[in-house]
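Visitor: You'll find input-v1.tsv just under this line, and it carries TSV, C-alpha atoms.
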```
chain	number	residue	atom	x	y	z
U	11	MET	CA	22.20	3.57	-3.36
U	12	LEU	CA	21.97	2.04	0.09
U	13	ALA	CA	25.77	1.92	0.29
U	14	ARG	CA	25.78	5.54	1.41
U	15	PHE	CA	24.06	4.43	4.60
U	16	ASN	CA	26.56	1.68	5.53
U	17	SER	CA	28.58	3.72	8.01
U	18	GLN	CA	25.40	4.97	9.73
U	19	GLN	CA	23.89	1.48	9.85
U	20	SER	CA	26.95	0.01	11.58
U	21	GLN	CA	26.36	2.37	14.51
U	22	GLU	CA	22.65	1.61	14.86
U	23	PRO	CA	21.14	-1.15	17.05
U	24	LYS	CA	19.96	-4.28	15.32
U	25	VAL	CA	16.34	-3.92	14.20
U	26	SER	CA	13.88	-6.46	15.55
U	27	VAL	CA	11.79	-8.67	13.30
U	28	GLU	CA	8.74	-7.27	15.09
U	29	ALA	CA	9.55	-3.69	14.01
U	30	VAL	CA	9.82	-4.78	10.38
U	31	LYS	CA	6.51	-6.65	10.55
U	32	ASN	CA	4.70	-3.79	12.27
U	33	ALA	CA	5.98	-1.34	9.67
U	34	ARG	CA	4.71	-3.55	6.85
U	35	LEU	CA	1.35	-4.07	8.54
U	36	LEU	CA	0.93	-0.30	8.82
U	37	LEU	CA	1.62	0.00	5.09
U	38	LEU	CA	-1.01	-2.69	4.44
U	39	LYS	CA	-3.63	-1.22	6.78
U	40	GLU	CA	-3.50	2.28	5.29
U	41	TYR	CA	-4.35	3.31	1.75
U	42	ARG	CA	-3.35	6.98	1.60
U	43	GLY	CA	-0.30	9.00	2.48
U	44	VAL	CA	1.49	12.31	2.03
U	45	LEU	CA	3.75	12.30	-1.03
U	46	SER	CA	6.58	14.82	-0.71
U	47	THR	CA	8.56	15.83	-3.79
U	48	HIS	CA	11.26	18.37	-4.60
U	49	SER	CA	9.48	21.57	-5.58
U	50	LEU	CA	10.22	23.08	-8.99
U	51	ALA	CA	8.29	26.25	-8.18
U	52	MET	CA	10.10	26.74	-4.87
U	53	PRO	CA	13.54	25.15	-5.28
U	54	GLY	CA	14.95	23.72	-2.07
U	55	PHE	CA	11.55	23.24	-0.45
U	56	PRO	CA	9.58	19.98	-0.17
U	57	PHE	CA	6.12	19.89	-1.74
U	58	GLY	CA	3.55	17.68	-0.01
U	59	SER	CA	0.32	16.28	-1.42
U	60	VAL	CA	-2.10	13.54	-0.38
U	61	VAL	CA	-2.33	10.46	-2.59
U	62	PRO	CA	-4.23	7.18	-2.30
U	63	TYR	CA	-2.22	4.03	-2.90
U	64	CYS	CA	-2.46	0.27	-3.04
U	65	LEU	CA	0.48	-2.12	-3.04
U	66	SER	CA	2.00	-3.53	-6.21
U	67	GLU	CA	3.03	-7.14	-6.75
U	68	GLU	CA	6.37	-6.22	-5.18
U	69	GLY	CA	4.64	-4.77	-2.13
U	70	TRP	CA	5.53	-1.18	-3.13
U	71	PRO	CA	3.03	1.72	-3.14
U	72	LEU	CA	1.28	2.09	-6.50
U	73	ILE	CA	-0.17	5.54	-7.22
U	74	LEU	CA	-2.15	7.13	-10.05
U	75	ILE	CA	-1.33	10.80	-10.62
U	76	SER	CA	-2.25	13.43	-13.20
U	77	ARG	CA	0.32	14.64	-15.70
U	78	ILE	CA	-0.61	18.24	-14.96
U	79	ALA	CA	-0.27	17.89	-11.18
U	80	GLN	CA	2.58	19.75	-9.50
U	81	HIS	CA	3.92	16.60	-7.82
U	82	THR	CA	4.11	14.85	-11.21
U	83	ARG	CA	6.16	17.67	-12.68
U	84	ASN	CA	8.39	17.58	-9.64
U	85	LEU	CA	8.95	13.83	-10.00
U	86	GLN	CA	9.73	14.14	-13.68
U	87	ALA	CA	12.52	16.56	-12.77
U	88	ASP	CA	13.73	14.62	-9.70
U	89	PRO	CA	12.32	11.17	-8.87
U	90	ARG	CA	13.50	11.26	-5.25
U	91	CYS	CA	10.55	11.54	-2.90
U	92	SER	CA	9.04	10.33	0.35
U	93	LEU	CA	5.68	8.88	1.29
U	94	LEU	CA	4.45	9.38	4.86
U	95	VAL	CA	1.84	6.89	6.05
U	96	ALA	CA	0.24	7.46	9.46
U	97	GLU	CA	-1.99	5.21	11.55
U	98	ARG	CA	-5.66	6.16	11.74
U	99	GLY	CA	-7.80	6.33	14.84
U	100	VAL	CA	-5.22	7.10	17.55
U	101	GLU	CA	-6.01	10.18	19.64
U	102	ASP	CA	-2.46	10.95	20.81
U	103	VAL	CA	-0.38	11.79	17.75
U	104	GLN	CA	2.81	10.91	19.63
U	105	LEU	CA	1.51	7.36	20.04
U	106	ASN	CA	0.56	7.12	16.38
U	107	GLY	CA	2.37	4.57	14.27
U	108	ARG	CA	3.90	6.26	11.22
U	109	LEU	CA	6.10	5.15	8.41
U	110	THR	CA	8.15	7.34	6.08
U	111	LEU	CA	9.24	5.65	2.89
U	112	MET	CA	12.20	7.36	1.24
U	113	ALA	CA	12.04	6.34	-2.37
U	114	GLU	CA	12.51	6.95	-6.05
U	115	ALA	CA	9.31	7.18	-8.08
U	116	ARG	CA	9.13	5.43	-11.44
U	117	GLN	CA	6.39	5.86	-14.03
U	118	LEU	CA	5.06	2.63	-15.54
U	119	THR	CA	5.16	2.76	-19.33
U	120	GLU	CA	5.40	-0.85	-20.51
U	121	PRO	CA	1.87	-1.83	-21.67
U	122	LEU	CA	1.66	-5.12	-19.76
U	123	LEU	CA	2.82	-3.48	-16.53
U	124	VAL	CA	0.32	-0.64	-17.00
U	125	GLU	CA	-2.49	-3.15	-17.64
U	126	ALA	CA	-1.63	-5.13	-14.50
U	127	ALA	CA	-1.38	-1.92	-12.44
U	128	ALA	CA	-4.76	-0.70	-13.72
U	129	GLU	CA	-6.48	-3.99	-12.88
U	130	ARG	CA	-5.12	-3.86	-9.34
U	131	TYR	CA	-5.64	-0.14	-8.70
U	132	TYR	CA	-9.21	-0.06	-10.03
U	133	ARG	CA	-10.22	-2.84	-7.64
U	134	TYR	CA	-9.20	-0.63	-4.73
U	135	PHE	CA	-10.37	2.68	-6.20
U	136	PRO	CA	-13.07	1.95	-8.82
U	137	GLU	CA	-14.06	5.61	-9.09
U	138	SER	CA	-10.66	6.35	-10.62
U	139	ARG	CA	-11.72	4.61	-13.84
U	140	ASP	CA	-13.85	7.63	-14.77
U	141	TYR	CA	-11.37	10.42	-14.23
U	142	HIS	CA	-8.62	8.31	-15.76
U	143	ARG	CA	-10.64	8.24	-18.99
U	144	VAL	CA	-11.23	12.00	-18.94
U	145	HIS	CA	-7.82	13.26	-17.79
U	146	ASP	CA	-4.22	12.30	-18.49
U	147	PHE	CA	-3.19	10.11	-15.56
U	148	ASP	CA	-0.30	7.68	-15.26
U	149	PHE	CA	0.61	4.89	-12.87
U	150	TRP	CA	3.77	5.34	-10.82
U	151	ILE	CA	5.59	2.97	-8.47
U	152	VAL	CA	7.13	4.40	-5.29
U	153	GLN	CA	10.25	2.24	-5.14
U	154	PRO	CA	11.81	2.02	-1.66
U	155	VAL	CA	15.31	3.18	-0.80
U	156	ARG	CA	14.95	3.20	2.99
U	157	TRP	CA	12.24	3.31	5.64
U	158	ARG	CA	11.80	5.23	8.90
U	159	PHE	CA	9.30	3.58	11.23
U	160	ILE	CA	7.98	5.02	14.48
U	161	GLY	CA	5.82	2.52	16.31
U	162	GLY	CA	4.94	4.87	19.16
U	163	PHE	CA	6.75	7.18	21.56
U	164	GLY	CA	10.44	6.24	21.58
U	165	ALA	CA	10.02	3.21	19.28
U	166	ILE	CA	12.05	4.55	16.35
U	167	HIS	CA	13.75	2.44	13.69
U	168	TRP	CA	15.61	2.80	10.41
U	169	LEU	CA	14.66	-0.15	8.22
U	170	ASP	CA	16.00	-1.38	4.89
U	171	GLN	CA	13.67	-4.27	4.08
U	172	VAL	CA	9.97	-3.78	4.80
U	173	ALA	CA	8.08	-4.54	1.59
U	174	ARG	CA	7.12	-8.11	0.80
U	175	ALA	CA	6.15	-9.41	-2.63
U	176	ASN	CA	2.60	-10.73	-2.96
U	177	PRO	CA	2.83	-14.48	-3.74
U	178	PHE	CA	-0.67	-14.52	-5.26
U	179	ALA	CA	-0.50	-11.47	-7.55
U	180	GLY	CA	-0.41	-12.31	-11.23
U	181	ALA	CA	-0.43	-16.06	-10.62
U	182	GLU	CA	-2.82	-18.23	-12.62
U	183	GLY	CA	-5.72	-19.09	-10.33
U	184	GLY	CA	-4.18	-16.77	-7.75
U	185	GLU	CA	-5.41	-13.49	-6.31
U	186	GLY	CA	-7.76	-12.55	-9.13
U	187	GLY	CA	-9.52	-15.90	-9.15
U	188	MET	CA	-9.81	-16.01	-5.37
U	189	LEU	CA	-11.30	-12.51	-5.25
U	190	GLU	CA	-13.81	-13.27	-8.00
U	191	HIS	CA	-14.87	-16.46	-6.20
U	192	MET	CA	-15.26	-14.79	-2.80
U	193	ASN	CA	-17.23	-11.80	-4.11
U	194	ALA	CA	-19.50	-13.91	-6.33
U	195	ASP	CA	-20.16	-16.90	-4.07
U	196	HIS	CA	-19.38	-15.95	-0.48
U	197	ALA	CA	-21.03	-12.60	0.24
U	198	ALA	CA	-22.32	-13.96	3.57
U	199	ALA	CA	-18.79	-14.84	4.69
U	200	ILE	CA	-17.58	-11.36	3.76
U	201	ARG	CA	-20.41	-9.81	5.79
U	202	HIS	CA	-19.29	-11.99	8.71
U	203	TYR	CA	-15.69	-10.73	8.39
U	204	VAL	CA	-17.01	-7.17	8.50
U	205	GLU	CA	-19.09	-7.89	11.60
U	206	GLN	CA	-16.28	-9.70	13.39
U	207	ALA	CA	-13.87	-6.83	12.74
U	208	GLY	CA	-16.38	-4.24	14.02
U	209	LEU	CA	-16.45	-2.38	10.70
U	210	SER	CA	-19.34	-0.40	9.30
U	211	ALA	CA	-21.91	-2.46	7.42
U	212	ALA	CA	-23.68	0.57	5.94
U	213	SER	CA	-22.30	-0.26	2.47
U	214	GLU	CA	-21.67	-3.55	0.75
U	215	ALA	CA	-18.18	-4.91	1.30
U	216	ARG	CA	-16.08	-6.33	-1.53
U	217	MET	CA	-12.82	-8.18	-1.23
U	218	VAL	CA	-10.27	-6.31	-3.37
U	219	GLY	CA	-6.89	-7.77	-2.45
U	220	ILE	CA	-5.28	-10.86	-0.92
U	221	ASP	CA	-1.69	-11.17	0.28
U	222	ALA	CA	0.26	-13.66	2.40
U	223	GLU	CA	-0.77	-12.01	5.66
U	224	GLY	CA	-4.38	-10.98	5.11
U	225	PHE	CA	-6.89	-9.39	2.74
U	226	HIS	CA	-8.35	-6.00	1.86
U	227	LEU	CA	-12.04	-5.11	1.91
U	228	ARG	CA	-13.52	-2.03	0.27
U	229	ILE	CA	-16.57	-0.72	2.15
U	230	GLY	CA	-18.07	2.41	0.63
U	231	GLN	CA	-15.12	4.73	-0.03
U	232	ALA	CA	-12.89	3.17	2.64
U	233	VAL	CA	-10.38	0.31	2.41
U	234	HIS	CA	-9.68	-2.00	5.36
U	235	TRP	CA	-7.09	-4.74	5.79
U	236	LEU	CA	-7.86	-7.80	7.94
U	237	PRO	CA	-5.17	-10.31	9.00
U	238	PHE	CA	-5.30	-14.08	8.51
U	239	PRO	CA	-4.96	-16.22	11.65
U	240	SER	CA	-1.54	-17.23	10.29
U	241	GLU	CA	0.49	-16.49	7.17
U	242	CYS	CA	-0.46	-18.22	3.92
U	243	SER	CA	1.89	-19.23	1.13
U	244	THR	CA	-0.54	-21.20	-1.04
U	245	ALA	CA	-4.09	-20.75	-2.33
U	246	ALA	CA	-5.15	-23.80	-0.30
U	247	GLN	CA	-3.90	-22.14	2.89
U	248	VAL	CA	-5.82	-18.97	2.00
U	249	ARG	CA	-8.97	-21.02	1.53
U	250	GLN	CA	-8.48	-22.69	4.92
U	251	ALA	CA	-7.88	-19.33	6.61
U	252	LEU	CA	-10.99	-17.75	5.09
U	253	VAL	CA	-13.12	-20.76	6.12
U	254	ALA	CA	-11.77	-20.59	9.67
U	255	MET	CA	-12.54	-16.86	9.87
U	256	ALA	CA	-16.06	-17.44	8.50
U	257	ARG	CA	-16.71	-19.98	11.24
U	258	ALA	CA	-15.26	-17.87	14.04
```
Would you put the structure from the file into structure tokens?

Guide:
Amino acid sequence: MLARFNSQQSQEPKVSVEAVKNARLLLLKEYRGVLSTHSLAMPGFPFGSVVPYCLSEEGWPLILISRIAQHTRNLQADPRCSLLVAERGVEDVQLNGRLTLMAEARQLTEPLLVEAAAERYYRYFPESRDYHRVHDFDFWIVQPVRWRFIGGFGAIHWLDQVARANPFAGAEGGEGGMLEHMNADHAAAIRHYVEQAGLSAASEARMVGIDAEGFHLRIGQAVHWLPFPSECSTAAQVRQALVAMARA
């Protein structure tokens, strides 16, 4: 599918490694976006709706949507879509970082994939367990085709490779084991991470995700991503990074 962009790409300046990293970090730091689909009710018009997401093992947005929702019906008819993710907390919208992921959405149907998606998604959004039991919801992957990243005024890039697979997801003794250990045995360290990052301590924080570049905390209804001092490729490196951050 990306072949259609070859002629356009040859005329564009080479994208910096920094732009790719900043785009991915924005995707990690946020946990909700505007999903735009092709409207069935109003053919030719885009239909936008807000969806929460976490990242799959492949580093792609994972969403949980109702079968009766308009955007689900739209995706069933045409899987092409976009997901707009915008940076929080910046007063000047023109200086806001924002990332548009042009993609094809794919519903997960294979039982093992659905089970893995549920385990991951419920860590980030535990309240979704209840309405998932009551209503007909399905997990969908937003699979990238191309990315448009704006890192601020005039910093505009077309990107082809932004997502990064999580080396710890699904691995024996990997992400799941590390999260269970941190939440059960190191609540004081997690409170320290919250304090050091200047986040609200009004609600208990839980660690809900670990990737090569940092980790996610859920505090109340909000999700926050904190970076490691340096990238980690092994569980031992993650342990060293978390200890260093706890002592900072």

Visitor: Separation of CA of Trp70 in chain U and CA of Pro154 in chain U, in Å?

Guide: 7.2 Å

Visitor: Which one of U:Leu35, U:Val27, U:Ala212, U:Ala207 sits closest to Asp170 in chain U if you count only C-alpha atoms?

Guide: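 Among the listed residues, the smallest separation from Asp170 in chain U belongs to U:Val27.
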
Visitor: CA of Gly186 in chain U and CA of Glu129 in chain U are how many Å apart?

Guide: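 Separation between CA of Gly186 in chain U and CA of Glu129 in chain U: 9.4 Å.
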
Visitor: Could you tell me how far CA of Gly161 in chain U lies from CA of Cys242 in chain U, in Å and to one decimal?

Guide: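 We find that CA of Gly161 in chain U and CA of Cys242 in chain U lie 25.0 Å from each other.
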
Visitor: Tell me which protein, DNA and RNA residues are within 12 Å of Gln231 in chain U, counting all atoms listed in the file, leaving out same-chain ones fewer than 2 positions away, and put them as a PyMOL selection string.

Guide: chain U and resi 41+62+133-138+210+212-216+227-229+233-234

Visitor: Excluding Ala51 in chain U and any residue of its chain fewer than 2 positions from it, enumerate the residues within 9 Å of it, using only C-alpha atoms, and give them as a count of residues only.

Guide: 5

Visitor: I'd like to know which of U:Val248, U:Leu123, U:Ile220, U:Leu36 is closest to Ala173 in chain U, using all atoms listed in the file.

Guide: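 Closest to Ala173 in chain U of all the choices is U:Leu36.
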